[in-house]
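Student: Following this line is start-v4.tsv, made up of TSV, C-alpha atoms:
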chain	number	residue	atom	x	y	z
A	1	MET	CA	-20.45	-4.48	27.44
A	2	LYS	CA	-19.87	-7.09	24.74
A	3	GLN	CA	-16.37	-6.94	23.27
A	4	ARG	CA	-16.34	-6.35	19.53
A	5	LYS	CA	-14.57	-8.90	17.33
A	6	LEU	CA	-12.36	-8.05	14.37
A	7	LEU	CA	-10.86	-10.31	11.71
A	8	MET	CA	-7.81	-9.12	9.79
A	9	ILE	CA	-7.40	-11.00	6.51
A	10	VAL	CA	-3.81	-10.51	5.40
A	11	ASN	CA	-2.35	-11.32	1.99
A	12	PRO	CA	1.32	-12.03	2.81
A	13	ARG	CA	2.35	-11.67	-0.86
A	14	ALA	CA	1.10	-8.09	-1.25
A	15	GLY	CA	3.72	-5.52	-0.33
A	16	ARG	CA	6.19	-8.27	0.50
A	17	ASN	CA	9.06	-5.78	0.53
A	18	LYS	CA	7.37	-3.62	3.17
A	19	SER	CA	8.10	-3.80	6.87
A	20	LYS	CA	5.56	-5.77	8.89
A	21	GLY	CA	6.11	-3.60	11.96
A	22	PRO	CA	3.30	-1.16	11.12
A	23	LEU	CA	0.84	-4.07	10.90
A	24	PHE	CA	1.64	-5.02	14.50
A	25	ASP	CA	1.04	-1.38	15.41
A	26	ALA	CA	-2.31	-1.57	13.61
A	27	VAL	CA	-3.33	-4.57	15.73
A	28	SER	CA	-2.43	-2.58	18.84
A	29	ILE	CA	-4.60	0.31	17.64
A	30	PHE	CA	-7.57	-2.01	17.13
A	31	SER	CA	-7.02	-3.55	20.56
A	32	ASN	CA	-6.99	-0.12	22.19
A	33	ALA	CA	-10.23	0.66	20.38
A	34	GLY	CA	-11.88	-2.30	22.08
A	35	TYR	CA	-11.59	-4.97	19.39
A	36	LEU	CA	-10.60	-8.57	20.03
A	37	THR	CA	-8.52	-9.16	16.91
A	38	ALA	CA	-7.92	-12.39	15.00
A	39	ILE	CA	-5.55	-12.63	12.03
A	40	HIS	CA	-5.86	-14.92	9.03
A	41	GLN	CA	-3.09	-15.08	6.41
A	42	THR	CA	-4.31	-16.13	2.97
A	43	ALA	CA	-2.65	-19.17	1.45
A	44	ALA	CA	-4.07	-19.17	-2.08
A	45	SER	CA	-6.38	-17.40	-4.49
A	46	GLY	CA	-9.95	-17.48	-3.19
A	47	ASP	CA	-8.90	-18.13	0.41
A	48	ALA	CA	-10.07	-14.71	1.61
A	49	THR	CA	-13.55	-15.18	0.14
A	50	GLU	CA	-13.89	-18.68	1.59
A	51	THR	CA	-12.77	-17.46	5.02
A	52	VAL	CA	-15.29	-14.62	5.08
A	53	VAL	CA	-18.14	-16.90	3.97
A	54	ARG	CA	-17.19	-19.52	6.57
A	55	GLU	CA	-16.40	-17.28	9.55
A	56	GLY	CA	-17.42	-13.71	8.69
A	57	SER	CA	-20.75	-13.64	10.51
A	58	GLN	CA	-18.90	-14.20	13.81
A	59	TYR	CA	-17.22	-10.78	13.53
A	60	ASP	CA	-18.27	-7.15	13.82
A	61	LEU	CA	-15.54	-5.87	11.50
A	62	ILE	CA	-13.40	-7.46	8.79
A	63	VAL	CA	-10.26	-5.63	7.66
A	64	ALA	CA	-8.68	-6.54	4.33
A	65	VAL	CA	-4.88	-6.14	4.36
A	66	GLY	CA	-3.36	-6.35	0.89
A	67	GLY	CA	-3.99	-5.01	-2.58
A	68	ASP	CA	-7.18	-4.41	-4.51
A	69	GLY	CA	-7.40	-8.14	-5.30
A	70	THR	CA	-7.49	-8.97	-1.58
A	71	LEU	CA	-10.17	-6.35	-1.03
A	72	ASN	CA	-12.17	-7.84	-3.91
A	73	GLU	CA	-12.04	-11.30	-2.35
A	74	VAL	CA	-13.13	-10.01	1.06
A	75	VAL	CA	-16.01	-8.05	-0.47
A	76	SER	CA	-17.03	-11.09	-2.53
A	77	GLY	CA	-17.31	-13.05	0.71
A	78	LEU	CA	-19.25	-10.30	2.47
A	79	MET	CA	-21.76	-10.10	-0.37
A	80	GLN	CA	-22.53	-13.79	0.14
A	81	LEU	CA	-23.46	-13.25	3.81
A	82	LYS	CA	-27.21	-12.74	4.01
A	83	LYS	CA	-28.05	-12.60	7.73
A	84	LYS	CA	-25.19	-10.61	9.27
A	85	ARG	CA	-22.81	-8.58	7.15
A	86	PRO	CA	-19.89	-7.15	9.19
A	87	LEU	CA	-18.42	-3.71	8.67
A	88	LEU	CA	-15.48	-3.46	6.25
A	89	GLY	CA	-12.05	-1.90	6.69
A	90	TYR	CA	-9.12	-1.68	4.28
A	91	ILE	CA	-5.39	-1.39	4.93
A	92	ALA	CA	-3.89	-1.01	1.46
A	93	GLN	CA	-0.61	-2.89	1.02
A	94	GLY	CA	-0.68	-3.47	-2.74
A	95	SER	CA	1.36	-1.83	-5.47
A	96	THR	CA	-1.26	0.46	-7.05
A	97	ASN	CA	-4.24	0.53	-4.64
A	98	ASP	CA	-6.66	2.23	-7.03
A	99	PHE	CA	-9.62	2.02	-4.73
A	100	ALA	CA	-7.71	3.23	-1.67
A	101	SER	CA	-6.71	6.29	-3.70
A	102	SER	CA	-10.35	6.97	-4.56
A	103	LEU	CA	-11.30	6.85	-0.89
A	104	ARG	CA	-8.16	8.74	0.17
A	105	ILE	CA	-7.18	5.90	2.47
A	106	SER	CA	-3.64	6.34	3.75
A	107	ARG	CA	-1.09	3.82	2.54
A	108	ASN	CA	0.45	3.95	6.01
A	109	PRO	CA	-1.05	1.00	7.96
A	110	VAL	CA	-0.97	2.92	11.24
A	111	SER	CA	-2.85	5.87	9.77
A	112	ALA	CA	-5.35	3.60	8.02
A	113	ALA	CA	-5.95	1.61	11.22
A	114	THR	CA	-6.38	4.81	13.22
A	115	ALA	CA	-9.04	5.98	10.76
A	116	ILE	CA	-10.87	2.63	10.95
A	117	ALA	CA	-10.79	2.74	14.77
A	118	ARG	CA	-12.61	6.10	14.72
A	119	ASN	CA	-15.67	4.06	13.68
A	120	VAL	CA	-16.95	6.54	11.09
A	121	PRO	CA	-19.15	4.62	8.64
A	122	ARG	CA	-19.48	5.26	4.91
A	123	GLN	CA	-21.84	3.50	2.55
A	124	LEU	CA	-20.29	1.81	-0.45
A	125	ASP	CA	-21.74	0.63	-3.77
A	126	VAL	CA	-20.69	-2.82	-5.00
A	127	GLY	CA	-20.90	-4.09	-8.57
A	128	LEU	CA	-22.13	-7.49	-9.68
A	129	TRP	CA	-20.73	-8.92	-12.94
A	130	ASN	CA	-22.88	-11.92	-13.75
A	131	PHE	CA	-23.24	-12.38	-9.96
A	132	ARG	CA	-19.49	-12.07	-9.37
A	133	SER	CA	-18.67	-9.10	-7.14
A	134	PHE	CA	-16.35	-6.24	-7.99
A	135	VAL	CA	-15.53	-3.20	-5.90
A	136	TYR	CA	-14.29	-0.57	-8.28
A	137	VAL	CA	-13.93	-1.64	-11.93
A	138	ALA	CA	-14.96	-4.20	-14.53
A	139	SER	CA	-13.16	-3.61	-17.83
A	140	PHE	CA	-12.47	-5.21	-21.20
A	141	GLY	CA	-10.21	-4.56	-24.17
A	142	ALA	CA	-6.98	-2.57	-24.42
A	143	PHE	CA	-4.88	-2.36	-21.23
A	144	THR	CA	-7.26	-4.69	-19.37
A	145	ARG	CA	-4.66	-7.45	-19.53
A	146	SER	CA	-2.06	-5.26	-17.80
A	147	SER	CA	-4.07	-5.17	-14.58
A	148	TYR	CA	-3.84	-8.93	-14.04
A	149	ALA	CA	-0.83	-9.97	-16.18
A	150	ALA	CA	1.95	-8.06	-14.41
A	151	PRO	CA	3.82	-10.54	-12.16
A	152	GLN	CA	3.44	-10.04	-8.42
A	153	SER	CA	7.21	-9.68	-8.09
A	154	ALA	CA	7.16	-6.81	-10.60
A	155	LYS	CA	4.24	-5.16	-8.82
A	156	ASN	CA	6.12	-5.35	-5.50
A	157	ALA	CA	9.31	-3.93	-7.00
A	158	LEU	CA	7.97	-1.39	-9.50
A	159	GLY	CA	4.49	-0.54	-8.26
A	160	HIS	CA	2.53	1.63	-10.68
A	161	LEU	CA	5.31	1.41	-13.27
A	162	ALA	CA	4.70	-2.35	-13.58
A	163	TYR	CA	1.20	-1.66	-14.88
A	164	ILE	CA	2.46	0.96	-17.31
A	165	LEU	CA	5.07	-1.40	-18.76
A	166	GLU	CA	2.60	-4.25	-19.04
A	167	GLY	CA	0.06	-1.93	-20.66
A	168	MET	CA	2.57	-0.92	-23.33
A	169	LYS	CA	2.64	-4.54	-24.51
A	170	ASP	CA	-1.03	-4.29	-25.39
A	171	LEU	CA	-0.31	-1.52	-27.90
A	172	ASN	CA	1.11	-4.12	-30.28
A	173	SER	CA	-2.15	-6.07	-30.26
A	174	LEU	CA	-4.56	-3.12	-30.15
A	175	ARG	CA	-7.77	-4.27	-31.76
A	176	PRO	CA	-11.48	-3.43	-31.73
A	177	TYR	CA	-14.15	-5.67	-30.25
A	178	ASN	CA	-17.62	-5.78	-31.74
A	179	ILE	CA	-20.21	-5.66	-28.96
A	180	ARG	CA	-23.94	-5.15	-28.51
A	181	LEU	CA	-24.34	-2.93	-25.47
A	182	THR	CA	-27.32	-1.46	-23.66
A	183	ALA	CA	-26.72	0.88	-20.72
A	184	ASP	CA	-29.82	1.92	-18.75
A	185	GLY	CA	-31.89	1.37	-21.86
A	186	GLU	CA	-29.57	3.26	-24.25
A	187	ALA	CA	-28.24	1.14	-27.13
A	188	MET	CA	-24.54	1.65	-27.90
A	189	ASP	CA	-23.70	-1.20	-30.27
A	190	GLY	CA	-20.38	-0.83	-32.06
A	191	GLU	CA	-16.64	-1.53	-32.15
A	192	TYR	CA	-14.65	-0.49	-29.10
A	193	LEU	CA	-10.99	-0.70	-28.09
A	194	PHE	CA	-11.78	-0.50	-24.38
A	195	GLY	CA	-14.72	-0.39	-22.06
A	196	ALA	CA	-15.20	-0.12	-18.31
A	197	VAL	CA	-17.81	0.41	-15.65
A	198	CYS	CA	-16.19	1.67	-12.50
A	199	ASN	CA	-16.72	3.21	-9.09
A	200	SER	CA	-13.28	4.73	-8.73
A	201	THR	CA	-11.14	7.67	-9.80
A	202	SER	CA	-8.44	5.35	-11.17
A	203	ILE	CA	-8.73	2.44	-13.61
A	204	GLY	CA	-6.00	-0.19	-13.50
A	205	GLY	CA	-3.44	2.35	-12.39
A	206	LEU	CA	-3.44	3.68	-15.97
A	207	MET	CA	-6.43	5.98	-16.47
A	208	LYS	CA	-7.76	8.67	-14.16
A	209	LEU	CA	-11.25	10.09	-13.70
A	210	ASP	CA	-12.10	13.48	-12.25
A	211	PRO	CA	-12.85	12.99	-8.50
A	212	GLU	CA	-15.64	15.56	-8.83
A	213	ARG	CA	-17.49	13.19	-11.16
A	214	VAL	CA	-17.19	10.01	-9.10
A	215	VAL	CA	-19.62	9.33	-6.24
A	216	LEU	CA	-19.12	6.02	-4.49
A	217	ASP	CA	-22.60	5.60	-2.99
A	218	ASP	CA	-25.00	6.97	-5.64
A	219	GLY	CA	-25.98	3.64	-7.20
A	220	LEU	CA	-24.28	4.58	-10.47
A	221	PHE	CA	-21.20	3.38	-12.28
A	222	GLU	CA	-19.00	5.66	-14.32
A	223	MET	CA	-18.97	4.01	-17.76
A	224	LEU	CA	-16.20	4.78	-20.24
A	225	LEU	CA	-16.05	3.40	-23.78
A	226	ILE	CA	-13.25	4.04	-26.26
A	227	PRO	CA	-14.54	3.52	-29.82
A	228	SER	CA	-12.33	2.12	-32.55
A	229	PRO	CA	-10.80	5.04	-34.48
A	230	LYS	CA	-11.44	5.19	-38.22
A	231	THR	CA	-8.45	7.38	-39.13
A	232	ALA	CA	-5.01	8.29	-37.77
A	233	ALA	CA	-6.46	11.67	-36.77
A	234	ASP	CA	-9.22	9.93	-34.81
A	235	LEU	CA	-6.61	7.88	-32.95
A	236	GLN	CA	-4.58	10.99	-32.14
A	237	ASN	CA	-7.70	12.74	-30.82
A	238	LEU	CA	-8.58	9.75	-28.67
A	239	VAL	CA	-5.09	9.61	-27.16
A	240	HIS	CA	-5.22	13.36	-26.47
A	241	ALA	CA	-8.64	13.05	-24.80
A	242	ILE	CA	-7.53	10.15	-22.57
A	243	LEU	CA	-4.26	11.79	-21.52
A	244	ASN	CA	-6.08	15.02	-20.65
A	245	GLN	CA	-9.08	13.34	-19.01
A	246	GLU	CA	-11.43	14.91	-21.55
A	247	TYR	CA	-13.89	12.04	-21.50
A	248	ASP	CA	-16.79	14.00	-23.03
A	249	SER	CA	-14.93	14.80	-26.22
A	250	HIS	CA	-13.34	13.34	-29.35
A	251	GLY	CA	-15.77	10.45	-29.68
A	252	LEU	CA	-15.29	8.95	-26.23
A	253	VAL	CA	-18.44	7.69	-24.52
A	254	PHE	CA	-18.85	8.63	-20.85
A	255	ARG	CA	-22.02	7.97	-18.88
A	256	HIS	CA	-23.28	7.48	-15.34
A	257	VAL	CA	-25.28	4.25	-15.44
A	258	SER	CA	-26.80	1.81	-12.96
A	259	SER	CA	-26.47	-1.28	-15.16
A	260	ILE	CA	-25.27	-2.56	-18.52
A	261	HIS	CA	-26.14	-5.55	-20.67
A	262	LEU	CA	-23.41	-6.64	-23.10
A	263	GLU	CA	-23.40	-9.38	-25.74
A	264	THR	CA	-20.57	-10.41	-28.04
A	265	ASP	CA	-19.56	-13.26	-30.33
A	266	GLU	CA	-15.85	-12.56	-29.74
A	267	ASN	CA	-13.30	-13.78	-27.23
A	268	LEU	CA	-13.53	-10.85	-24.82
A	269	PRO	CA	-11.64	-11.38	-21.53
A	270	TRP	CA	-12.41	-9.03	-18.65
A	271	SER	CA	-10.63	-7.71	-15.59
A	272	LEU	CA	-12.54	-7.36	-12.31
A	273	ASP	CA	-10.63	-5.23	-9.79
A	274	GLY	CA	-7.43	-6.34	-11.52
A	275	GLU	CA	-8.34	-10.03	-11.49
A	276	TYR	CA	-8.92	-12.09	-14.64
A	277	ALA	CA	-12.44	-12.99	-15.73
A	278	ALA	CA	-12.85	-15.32	-18.71
A	279	SER	CA	-14.82	-14.31	-21.78
A	280	VAL	CA	-18.54	-15.07	-21.76
A	281	PRO	CA	-21.09	-14.28	-24.49
A	282	VAL	CA	-23.41	-12.29	-22.21
A	283	VAL	CA	-22.53	-9.95	-19.35
A	284	ASP	CA	-24.88	-8.14	-17.00
A	285	ALA	CA	-23.21	-5.65	-14.68
A	286	VAL	CA	-25.44	-4.17	-11.98
A	287	ASN	CA	-24.71	-1.57	-9.31
A	288	CYS	CA	-25.84	-2.64	-5.81
A	289	ARG	CA	-26.27	0.69	-4.09
A	290	CYS	CA	-24.89	1.01	-0.54
A	291	ALA	CA	-24.41	-2.76	-0.29
A	292	LEU	CA	-21.61	-2.47	2.28
A	293	THR	CA	-20.58	-0.16	5.08
A	294	MET	CA	-16.90	0.80	5.37
A	295	LEU	CA	-15.01	2.37	8.23
A	296	LEU	CA	-12.45	4.85	6.94
Can the structure in the file be given as structure tokens, please?
Tutor:
Amino acid sequence: MKQRKLLMIVNPRAGRNKSKGPLFDAVSIFSNAGYLTAIHQTAASGDATETVVREGSQYDLIVAVGGDGTLNEVVSGLMQLKKKRPLLGYIAQGSTNDFASSLRISRNPVSAATAIARNVPRQLDVGLWNFRSFVYVASFGAFTRSSYAAPQSAKNALGHLAYILEGMKDLNSLRPYNIRLTADGEAMDGEYLFGAVCNSTSIGGLMKLDPERVVLDDGLFEMLLIPSPKTAADLQNLVHAILNQEYDSHGLVFRHVSSIHLETDENLPWSLDGEYAASVPVVDAVNCRCALTMLL
């Protein structure tokens, strides 16, 4: 019987304050499950993607060990493999781990590795943002900056609170963006404070979606748009709706869509899985249904 090969791609910066002992235990679990395990520690941004593209087809399973940014890089590499695309595993070691929360992946490396070793597959949608991959969210506008601007040291020390504090800074520069948007053929041109297409129950560690309304393999994004309020009362209603997860009320726009086409003349930076994406005049975001298979 051919021995299965596993590559663990580890971001040593994520969860730097955590003990590494459980990761050694995870390797032991994979070994006992019949995997010959290799470990690659990332040295810089983009290293995980380059490693998967260069070596990924040699392996049966690739396990991302780090935060959502590490997972994004691994998935970006997998999506570039055309002939053989290995299975995907995730051991969440970041500070917020939005996507792990959506999938109910344990933050304990031993528990996560044990689940992966059970070899139970689950199909996973992947988003493409102008051909750049994202796993769980592409967002613009208010609070988007907080997902990529919080320093890694603050994320390690404060976790979710780091995102909250960084997001509060955006309140001082809250402004609308004029966009021309079509979602599955429906025109939604207007001024918005925030917009996102996601495949997750948590956006940037700040906003939550009802788990009953999020399906991770249906070929659809959950799209949320926050329009620019015209009055103080409108703003108060929007805040109330967001805090209480009432996304179908008070002027919020919530849809399940397979793709969006967005155009703007403004400087509109984006965040993809918490990583910065520079402003471009035209964005096409498309859901690639069941593009990957995860073990969890």
Student: When you look at region 239-242 of chain A with a cut-off of 12 Å (counting all atoms listed in the file), what residues show up, excluding the ones that are within fewer than 5 positions of it in the same chain? I need them as a CSV table (one decimal) with C-alpha atoms, in the frame of the given file.
Tutor:
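This is the output file selection02.csv:
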chain,number,residue,atom,x,y,z
A,193,LEU,CA,-11.0,-0.7,-28.1
A,194,PHE,CA,-11.8,-0.5,-24.4
A,203,ILE,CA,-8.7,2.4,-13.6
A,206,LEU,CA,-3.4,3.7,-16.0
A,207,MET,CA,-6.4,6.0,-16.5
A,208,LYS,CA,-7.8,8.7,-14.2
A,209,LEU,CA,-11.2,10.1,-13.7
A,210,ASP,CA,-12.1,13.5,-12.2
A,224,LEU,CA,-16.2,4.8,-20.2
A,225,LEU,CA,-16.0,3.4,-23.8
A,226,ILE,CA,-13.2,4.0,-26.3
A,227,PRO,CA,-14.5,3.5,-29.8
A,228,SER,CA,-12.3,2.1,-32.6
A,229,PRO,CA,-10.8,5.0,-34.5
A,232,ALA,CA,-5.0,8.3,-37.8
A,233,ALA,CA,-6.5,11.7,-36.8
A,234,ASP,CA,-9.2,9.9,-34.8
A,247,TYR,CA,-13.9,12.0,-21.5
A,248,ASP,CA,-16.8,14.0,-23.0
A,249,SER,CA,-14.9,14.8,-26.2
A,250,HIS,CA,-13.3,13.3,-29.4
A,251,GLY,CA,-15.8,10.4,-29.7
A,252,LEU,CA,-15.3,9.0,-26.2
A,253,VAL,CA,-18.4,7.7,-24.5
A,254,PHE,CA,-18.8,8.6,-20.8
Student: Restricting the calculation to only C-alpha atoms: of A:Asn199, A:Ser57, A:Asn267, A:Gln41, which residue gets closest to Pro211 (chain A)?
Tutor: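 Looking only at the distances to Pro211 (chain A), the closest residue turns out to be A:Asn199.
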Student: Would you please work out which residue, of A:Leu103, A:Leu243, A:Ala115, A:Val52, is nearest to Val214 (chain A) when using all atoms listed in the file?
Tutor: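 Among the listed residues, A:Leu103 lies closest to Val214 (chain A).
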Student: For the atom pair CA of Gly66 (chain A) and CA of Arg13 (chain A), what is the interatomic distance in Å to one decimal place?
Tutor: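 The value is 8.0 Å.
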Student: Show which residues sit within 12 Å of region 47-49 of chain A, as a VMD selection string. Count only C-alpha atoms, and ignore same-chain residues fewer than 6 positions away.
Tutor: chain A and resid 7 to 12 39 to 41 55 to 56 62 to 66 69 to 81 132 to 133
Student: May I ask for the distance between CA of Val257 (chain A) and CA of Tyr136 (chain A), given in Å to one decimal place?
Tutor: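 Those two atoms sit 14.0 Å apart.
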Student: Given all atoms listed in the file as the basis, pick out the residue of A:Arg85, A:Arg122, A:Lys20, A:His261 nearest to Ala187 (chain A).
Tutor: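 Looking only at the distances to Ala187 (chain A), the closest residue turns out to be A:His261.
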Student: Pick out the closest residue to Arg104 (chain A) from this set: A:Ser200, A:Gln236, A:Ser258, A:Ser139. Count all atoms listed in the file.
Tutor: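 Looking at the shortest contact to Arg104 (chain A), the residue is A:Ser200.
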Student: Go ahead and compute the interatomic distance for CA of Leu295 (chain A) and CA of Asp60 (chain A), in Å to one decimal.
Tutor: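 Value for the CA of Leu295 (chain A)-CA of Asp60 (chain A) distance: 11.5 Å.
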Student: Looking at all atoms listed in the file, which of A:Pro176, A:Gly46, A:Gly185, A:Pro86 is the one that sits closest to Pro121 (chain A)?
Tutor: A:Pro86
Student: Can you pull out every residue within 10 Å of Asp189 (chain A), counting only C-alpha atoms, but drop anything in the same chain fewer than 2 positions away, and send it as a PDB file with C-alpha atoms, keeping the file's coordinate frame?
Tutor:
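Output file result_38.pdb is given in full below:
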ATOM      1  CA  ASN A 178     -17.620  -5.780 -31.740  1.00  0.00           C
ATOM      2  CA  ILE A 179     -20.210  -5.660 -28.960  1.00  0.00           C
ATOM      3  CA  ARG A 180     -23.940  -5.150 -28.510  1.00  0.00           C
ATOM      4  CA  LEU A 181     -24.340  -2.930 -25.470  1.00  0.00           C
ATOM      5  CA  THR A 182     -27.320  -1.460 -23.660  1.00  0.00           C
ATOM      6  CA  GLU A 186     -29.570   3.260 -24.250  1.00  0.00           C
ATOM      7  CA  ALA A 187     -28.240   1.140 -27.130  1.00  0.00           C
ATOM      8  CA  GLU A 191     -16.640  -1.530 -32.150  1.00  0.00           C
ATOM      9  CA  TYR A 192     -14.650  -0.490 -29.100  1.00  0.00           C
ATOM     10  CA  LEU A 262     -23.410  -6.640 -23.100  1.00  0.00           C
ATOM     11  CA  GLU A 263     -23.400  -9.380 -25.740  1.00  0.00           C
ATOM     12  CA  THR A 264     -20.570 -10.410 -28.040  1.00  0.00           C
TER      13      THR A 264
END
Student: Compare A:Leu235, A:Val286, A:Val215, A:Ala33 by their minimum atom-to-atom distance to Asn119 (chain A), counting all atoms listed in the file, and give me the closest one.
Tutor: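 Using all atoms listed in the file, the shortest distance to Asn119 (chain A) belongs to A:Ala33.
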